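Input: a single structure, listed below in structure tokens.
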Amino acid sequence: MSVEIQTMGEGGIFEIAAVVIDEVLEIQPFTDVEYKILSSARDILAEGSILEAATVATNSANTAAGLASEAASAANDAAGLANSATTSANTAAGAANTAASSANSAASAANDAAAAAYNAASPAYGIKINISTGVVTRVGNPTMHSTRPIQNRMKGCLLSDAGVVNSYLPANSWIGADRTGASGQVMVEVPLHFFKCWVDGGEAYIMVSEYPIEGYKYIPKHYIGAYQAALDGTKLCSVANPALRGGNDTSAWDGTYRTLMGMPRTYMRRYEYKAAARARNASATTEWNAWMYNSYVALTWLMCIEYGTLNLQLPVNASLDSNGYKQGGLGAGVSNLNGTAWSTYNSYNPFITCGYSDGLGNRSGEVAFEMPSEYGELTTYVNRYRGVELPFGHINQWIDGINIEVKTDADGGTSKVYVCEDPANLSDTVYTNYEYRGLLPRTNGYVKEALLGSNGDIAPSLVGAGETSYYCDYFYTNVTTGELKGARVGGNACDGSRCGPFGVHSYYAPSTRDASFGSRLCFIPTT
């Protein structure tokens with residue numbers, strides 16, 4: 001093969017390449033496919049258009065790149081403008097949020113001011129209980145937490161069997177006044193007031209007022225025995241009388257260190273306390289009773305509201321805080337005895353004479369009591385709330401007007417609370433004319449939640465707290481036997497931190513009697 005070389009440009013080079021391929025095709029055998037490929041290459045080279053196409057393609061690519069660059073630049077400019085707009089929008093949104101926050105703060109301040117104005121004008125005051133934590137806060141009219149108008153109108157008196165106040169006892173000390181029963185029963189007058197309980201947003205509100213408010217429950221003026229009840233013949237009484245034998249009436253102990261003279265009466269069934277109370281005035285058979293549950297509830301909430309706590313066993317603190325509010329509580333009460341030592345000493349009978357703390361008069365506080373040497377060296381404290389001696393501790397107290405239907409696990413596994421506020425319908429055997437209020441826990445434990453409801457029921461609904469948390473008092477129950485149970489309250493001398501008003505126990509039937517079970521006299525006028 002020979003090729004003539006000539007001077008040529010770019011196109012000539014492609015022409016020579018085409019001639020070379022022609023020569024090769026003539027002398028070299030190829031497959032059909034190879035032949036077609038080389039022929040196609042020759043035709044393209046012969047046309048000399050590859051460089052032009054490449055040049056055009058390059059120019060087009062450069063032009064496209066330039067346009068793409070311009071587009072990218074424009075996009076970047078647009079993105080910059082968008083970012084600026086976003087920044088402006090965010091700035092505006094921040095300003096709007098700040099304005100909204102200021103408006104909310106102003107609204108909150110306005111609501112607080114309105115609430116403060118309402119509370120200052122309202123006659124109601126009370127406590128708020130955070131159900132999930134048990135924390136208590138004073139709420140309502142702040143002035144009334146310092147003046148305590150309802151509690152300050154509680155006072156000791158001598159009440160006739162006809163329910164007439166013969167005289168009021170000296171405010172600072174009752175010692176020197178006739179408290180034997182000859183001048184009337186020694187009672188504490190609880191003034192007429194109004195009460196409301198409700199739950200809102202996980203918080204329970206307990207409120208009282210001197211004056212009627214729509215939705216508030218009427219609590220009539222009534223009288224609570226100043227002392228744990230004694231017995232004078234067949235009549236239940238509230239007296240400080242050393243001539244009356246209390247406890248389980250063991251006369252063989254008279255004149256010894258175990259003497260029961262002047263002590264509260266125990267070892268009686270609940271219906272026996274009611275019958276002995278009714279015996280005070282046969283013509284007014286429903287006004288005198290053993291301590292009624294509704295009266296017990298009213299007193300408990302008055303105590304809690306006054307001290308701003310559910311833990312009424314907090315130490316006594318006579319000083320007011322900077323707001324003029326009460327601090328502390330009523331002390332542990334007579335609750336620190338050893339059970340075995342108490343049994344050895346006097347078989348769980350009472351040992352504090354009625355009226356031991358009367359030097360306090362209408363005031364609250366505690367008085368030290370030195371146990372006799374036959375018990376052992378021990379100081380205990382007789383507590384008092386506005387004339388009511390030993391509201392908890394010393395001996396358990398039967399209360400009437402509450403029946404508890406306990407069923408065994410095999411029979412349904414419920415403990416239902418029924419309450420009767422009409423003394424004419426009291427019963428120890430049925431629930432007729434009683435109102436269902438809720439379910440009690442099925443196990444023992446410190447009270448974590450109470451039934452509450454519109455009546456402010458203090459019977460427990462949940463246990464699992466501790467001696468200084470939530471309601472701070474202990475609950476005992478017995479679900480191994482299905483029967484109607486009565487309610488004992490307050491705890492006894494060896495219950496320690498388990499004592500307190502929220503321990504509404506459902507352990508025994510009302511027919512049970514024990515040397516450490518007593519009660520308290522109560523008078524609720526029917527007119």
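In the structure tokens, the first chain shown is A, the next is B, and so on; residue numbers restart at 1 for each chain, and ligands run from 1 in the order shown.
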
- Message: I need the residues in range 122-359 of chain A that are strand (DSSP E or B) according to DSSP; give them as a PyMOL selection string.
- Response: chain A and resi 124-130+136-140+155-159+165-168+185-190+193-200+203-209+217-219+222-228+230-232+235-237+245+247+261+265+288-290+292+316-317+327-328

- Item | Exercise: range 149-151 of chain A partners within 7 Å, only C-alpha atoms, chain neighbours under 2 positions left out, as a count of residues only | 7

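Atom pair CA of Thr180 in chain A / CA of Lys235 in chain A has a distance of 13.6 Å (rounded to one decimal).
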
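If you look at CA of Trp291 in chain A and CA of Thr512 in chain A, they are 16.8 Å away from each other.
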
- Message: Could you list, as a count of residues only, every residue within 10 Å of range 419-433 of chain A, counting only C-alpha atoms and ignoring same-chain residues fewer than 4 positions away?
- Response: 30

- Task: Run DSSP on the backbone and give me the residues of range 208-419 of chain A it puts in helix (DSSP H, G or I), as an MDAnalysis selection string.
- Result: chainID A and resid 251:253 270:278 293:307 339:346 358:360 409:411

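For the pair CA of Gly134 in chain A and CA of Ser519 in chain A, the separation is 29.5 Å.
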
- Task: Find the spatial neighbours of Cys157 in chain A, counting only C-alpha atoms, within a cut-off of 12 Å - ignore same-chain residues fewer than 4 positions away - and output them as a PyMOL selection string.
- Result: chain A and resi 153+163-171+174+177-179+181+183-190+222-226+238-239+361-362+386-388

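For the set A:Asn90, A:Thr379, A:Asn311, A:Ser506, the residue with the smallest atom-to-atom gap to Val135 in chain A is A:Asn311, counting only C-alpha atoms.
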
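When only C-alpha atoms are used to measure the gap to Gly202 in chain A, the shortest distance among A:Ser132, A:Thr137, A:Thr259, A:Ser461 belongs to A:Ser132.
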
- Neighbours of Asn141 in chain A within 8 Å (only C-alpha atoms; same-chain residues fewer than 2 positions away dropped), as JSON, numbers by chain? {"A": [119, 120, 121, 122, 123, 124, 125, 139, 143, 144, 145]}

- Query: Leaving out range 364-373 of chain A and any residue of its chain fewer than 3 positions from it, which residues lie within 10 Å of it when counting only C-alpha atoms, given as a PyMOL selection string?
  - Reply: chain A and resi 257-258+315-318+329-334+337+345+351-352+356-361+376-390

Can those selected residues be exported to a file as a PDB file, in the first residue's frame so that it contains C-alpha atoms?
ATOM      1  CA  TYR A 257     -52.533   3.089 140.318  1.00  0.00           C
ATOM      2  CA  ARG A 258     -54.868   1.432 137.787  1.00  0.00           C
ATOM      3  CA  PRO A 315     -45.410  19.799 116.564  1.00  0.00           C
ATOM      4  CA  VAL A 316     -47.321  22.516 118.384  1.00  0.00           C
ATOM      5  CA  ASN A 317     -46.068  25.990 117.423  1.00  0.00           C
ATOM      6  CA  ALA A 318     -47.713  28.844 119.279  1.00  0.00           C
ATOM      7  CA  GLY A 329     -50.201  21.273 114.279  1.00  0.00           C
ATOM      8  CA  LEU A 330     -51.649  19.691 117.408  1.00  0.00           C
ATOM      9  CA  GLY A 331     -48.659  17.539 118.273  1.00  0.00           C
ATOM     10  CA  ALA A 332     -48.451  13.758 118.364  1.00  0.00           C
ATOM     11  CA  GLY A 333     -51.066  13.507 121.124  1.00  0.00           C
ATOM     12  CA  VAL A 334     -51.232  10.559 123.486  1.00  0.00           C
ATOM     13  CA  LEU A 337     -47.016   4.260 124.556  1.00  0.00           C
ATOM     14  CA  TYR A 345     -50.108  -1.571 133.028  1.00  0.00           C
ATOM     15  CA  PHE A 351     -55.444   6.451 131.776  1.00  0.00           C
ATOM     16  CA  ILE A 352     -55.976  10.184 131.060  1.00  0.00           C
ATOM     17  CA  TYR A 356     -56.818  17.045 132.063  1.00  0.00           C
ATOM     18  CA  SER A 357     -56.074  19.873 129.574  1.00  0.00           C
ATOM     19  CA  ASP A 358     -58.803  22.275 130.768  1.00  0.00           C
ATOM     20  CA  GLY A 359     -56.212  24.872 131.709  1.00  0.00           C
ATOM     21  CA  LEU A 360     -56.081  25.674 128.000  1.00  0.00           C
ATOM     22  CA  GLY A 361     -59.751  26.696 127.935  1.00  0.00           C
ATOM     23  CA  GLY A 376     -42.397   3.094 133.334  1.00  0.00           C
ATOM     24  CA  GLU A 377     -40.711   6.380 132.697  1.00  0.00           C
ATOM     25  CA  LEU A 378     -42.559   8.153 129.871  1.00  0.00           C
ATOM     26  CA  THR A 379     -43.932  11.609 129.087  1.00  0.00           C
ATOM     27  CA  THR A 380     -46.873  11.864 126.738  1.00  0.00           C
ATOM     28  CA  TYR A 381     -48.916  14.897 125.658  1.00  0.00           C
ATOM     29  CA  VAL A 382     -52.639  15.536 125.932  1.00  0.00           C
ATOM     30  CA  ASN A 383     -53.547  17.647 122.915  1.00  0.00           C
ATOM     31  CA  ARG A 384     -56.530  19.931 122.481  1.00  0.00           C
ATOM     32  CA  TYR A 385     -58.230  21.783 119.629  1.00  0.00           C
ATOM     33  CA  ARG A 386     -60.263  24.829 120.670  1.00  0.00           C
ATOM     34  CA  GLY A 387     -61.658  23.065 123.712  1.00  0.00           C
ATOM     35  CA  VAL A 388     -61.960  19.587 122.157  1.00  0.00           C
ATOM     36  CA  GLU A 389     -59.636  17.421 124.233  1.00  0.00           C
ATOM     37  CA  LEU A 390     -57.847  14.530 122.519  1.00  0.00           C
TER      38      LEU A 390
END
